[in-house]
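S.K.: One structure follows; several queries about it will come next.
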Amino acid sequence: MLPFRTGETSFPLLMRSQFAVPLARATSALLVMRLLDLHALCAAAGLGLVLGTEHGWSAWLLWTAFLLAPLLLFAVKRPLLKRLNGRLPERLGGILEEIEAGIPADTTGFARAWAFTVVNWAVKVLVLAWVLGLLGVAPLGASFGGALGGELSSVLPLHAPGGVGTYPAGITAGAVAFGAPGHRAAVAALAEAAINVHLLIVASACVGTALSIVLSWLPKRR
């Protein structure tokens, strides 16, 4: 709800108060999660571009390289941090150690986090792109661009509660940027589809919340 997802500052504070995790370590973990989210969103949108392009194997090669980029960066994490730590004052070096502790320690753990993030966002973007396609958004790349634009709109400095207005605008802008027609009638139809998708998301969230509340009231089996 808040600009730049400032509500997420509660995560490191909660980790410190409830689990005694240092603030720098929890903040580092949050930053890694959000960077993986951004990468997964861009990879999902890139898939739409690749499917709609005529460049064939070269486009798939570039997309695969981008998809695997976090694993390659993680492989050089340790030597980079070690080199940086040797050049910092002792106090800053301690902070850097806490930041490093907030990053998965081994490749297996990082790969698992990366894979789950990619699958999670891929499913969401694919479903949103599919729904936009059903509502008449074309070509295929525009559907993916619309899904990406809607999700990225939530990090705007100013946006309405629940993304009302800004989320559909993000979908519209993303779809046009990825190849949807830009004339007035087409944009109007696209905006209508974007609003319907946003209403679907809000309704799904409300239904899910209601179900969770009802289920919490049910007696637990022993």
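Following the order of the structure tokens, first chain is A, next is B, and so on, with residues numbered from 1 inside each chain and ligands from 1 in the order they appear.
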Tell me, as JSON, numbers by chain, which residues lie within 10 Å of segment 68-83 of chain A, counting only C-alpha atoms; anything in the same chain fewer than 6 positions away does not count.

M.R.: {"A": [35, 36, 39, 43, 93, 96, 97, 99, 100, 103, 104, 105, 106, 107, 110, 111, 114]}

S.K.: Using only C-alpha atoms, determine which residues lie at most 10 Å from Leu30 of chain A, disregarding the query and same-chain residues fewer than 2 positions distant; provide the list as a list in words.

M.R.: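 What passes the distance filter is Glu8, Thr9, Phe11, Pro12, Ala24, Arg25, Ala26, Thr27, Ser28, Val32, Met33, Arg34, Leu35, Leu36, Gly102 and Ile103 of chain A.
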
S.K.: Atom CA of Ala20 of chain A and atom CA of Leu84 of chain A, how far apart in Å?

M.R.: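 For atom CA of Leu84 of chain A relative to atom CA of Ala20 of chain A, the distance reads 26.6 Å.
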
S.K.: Name all residues at most 12 Å from segment 180-188 of chain A (count only C-alpha atoms; drop same-chain ones fewer than 5 positions away) and give them as a VMD selection string.

M.R.: chain A and resid 132 to 133 136 to 146 168 to 169 171 to 175 193 to 195

S.K.: List every residue of segment 5-219 of chain A that DSSP, applied to the backbone of this structure, assigns to helix (DSSP H, G or I), and report them as number ranges by chain.

M.R.: A: 5-19, 23-51, 57-75, 77-85, 90-101, 107-134, 140-155, 161-163, 166-177, 184-217

S.K.: Excluding same-chain residues fewer than 3 positions from Leu41 of chain A, what lies within 8 Å of it counting only C-alpha atoms, as an mmCIF file with N, CA, C and O atoms, in the first residue's frame?

M.R.:
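Output saved as selection_35.cif:
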```cif
data_model
loop_
_atom_site.group_PDB
_atom_site.id
_atom_site.type_symbol
_atom_site.label_atom_id
_atom_site.label_comp_id
_atom_site.auth_asym_id
_atom_site.auth_seq_id
_atom_site.Cartn_x
_atom_site.Cartn_y
_atom_site.Cartn_z
ATOM 1 N N ASP A 37 13.076 -10.926 -7.078
ATOM 2 C CA ASP A 37 11.731 -10.657 -7.600
ATOM 3 C C ASP A 37 11.805 -9.855 -8.897
ATOM 4 O O ASP A 37 11.129 -10.177 -9.883
ATOM 5 N N LEU A 38 12.620 -8.794 -8.884
ATOM 6 C CA LEU A 38 12.746 -7.943 -10.068
ATOM 7 C C LEU A 38 13.318 -8.734 -11.239
ATOM 8 O O LEU A 38 12.842 -8.619 -12.376
ATOM 9 N N ALA A 44 10.355 -13.131 -16.927
ATOM 10 C CA ALA A 44 9.036 -13.548 -17.405
ATOM 11 C C ALA A 44 8.580 -12.683 -18.572
ATOM 12 O O ALA A 44 8.022 -13.180 -19.558
ATOM 13 N N ALA A 45 8.825 -11.374 -18.461
ATOM 14 C CA ALA A 45 8.468 -10.489 -19.568
ATOM 15 C C ALA A 45 9.327 -10.778 -20.794
ATOM 16 O O ALA A 45 8.850 -10.746 -21.932
ATOM 17 N N VAL A 118 11.633 -17.644 -9.381
ATOM 18 C CA VAL A 118 11.333 -17.657 -10.817
ATOM 19 C C VAL A 118 10.014 -18.371 -11.084
ATOM 20 O O VAL A 118 9.163 -17.881 -11.842
ATOM 21 N N TRP A 121 6.927 -16.158 -9.799
ATOM 22 C CA TRP A 121 6.583 -15.018 -10.645
ATOM 23 C C TRP A 121 6.212 -15.455 -12.057
ATOM 24 O O TRP A 121 5.373 -14.820 -12.706
ATOM 25 N N ALA A 122 6.830 -16.523 -12.537
ATOM 26 C CA ALA A 122 6.490 -17.003 -13.878
ATOM 27 C C ALA A 122 5.032 -17.427 -13.943
ATOM 28 O O ALA A 122 4.319 -17.104 -14.905
ATOM 29 N N VAL A 125 2.838 -14.163 -13.817
ATOM 30 C CA VAL A 125 2.884 -13.386 -15.054
ATOM 31 C C VAL A 125 2.225 -14.149 -16.200
ATOM 32 O O VAL A 125 1.503 -13.565 -17.020
ATOM 33 N N LEU A 148 3.802 -7.453 -16.763
ATOM 34 C CA LEU A 148 4.997 -6.904 -16.111
ATOM 35 C C LEU A 148 4.770 -5.464 -15.672
ATOM 36 O O LEU A 148 5.120 -5.081 -14.549
#
```

S.K.: Would you mind reading off the distance between atom CA of Gly86 of chain A and atom CA of Ala101 of chain A, one decimal, in Å?

M.R.: 16.8 Å

S.K.: As an exercise, work out the distance from atom CA of Gln18 of chain A to atom CA of Ile213 of chain A in Å and give it to one decimal place.

M.R.: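 Spanning atom CA of Gln18 of chain A to atom CA of Ile213 of chain A is a straight-line distance of 23.8 Å.
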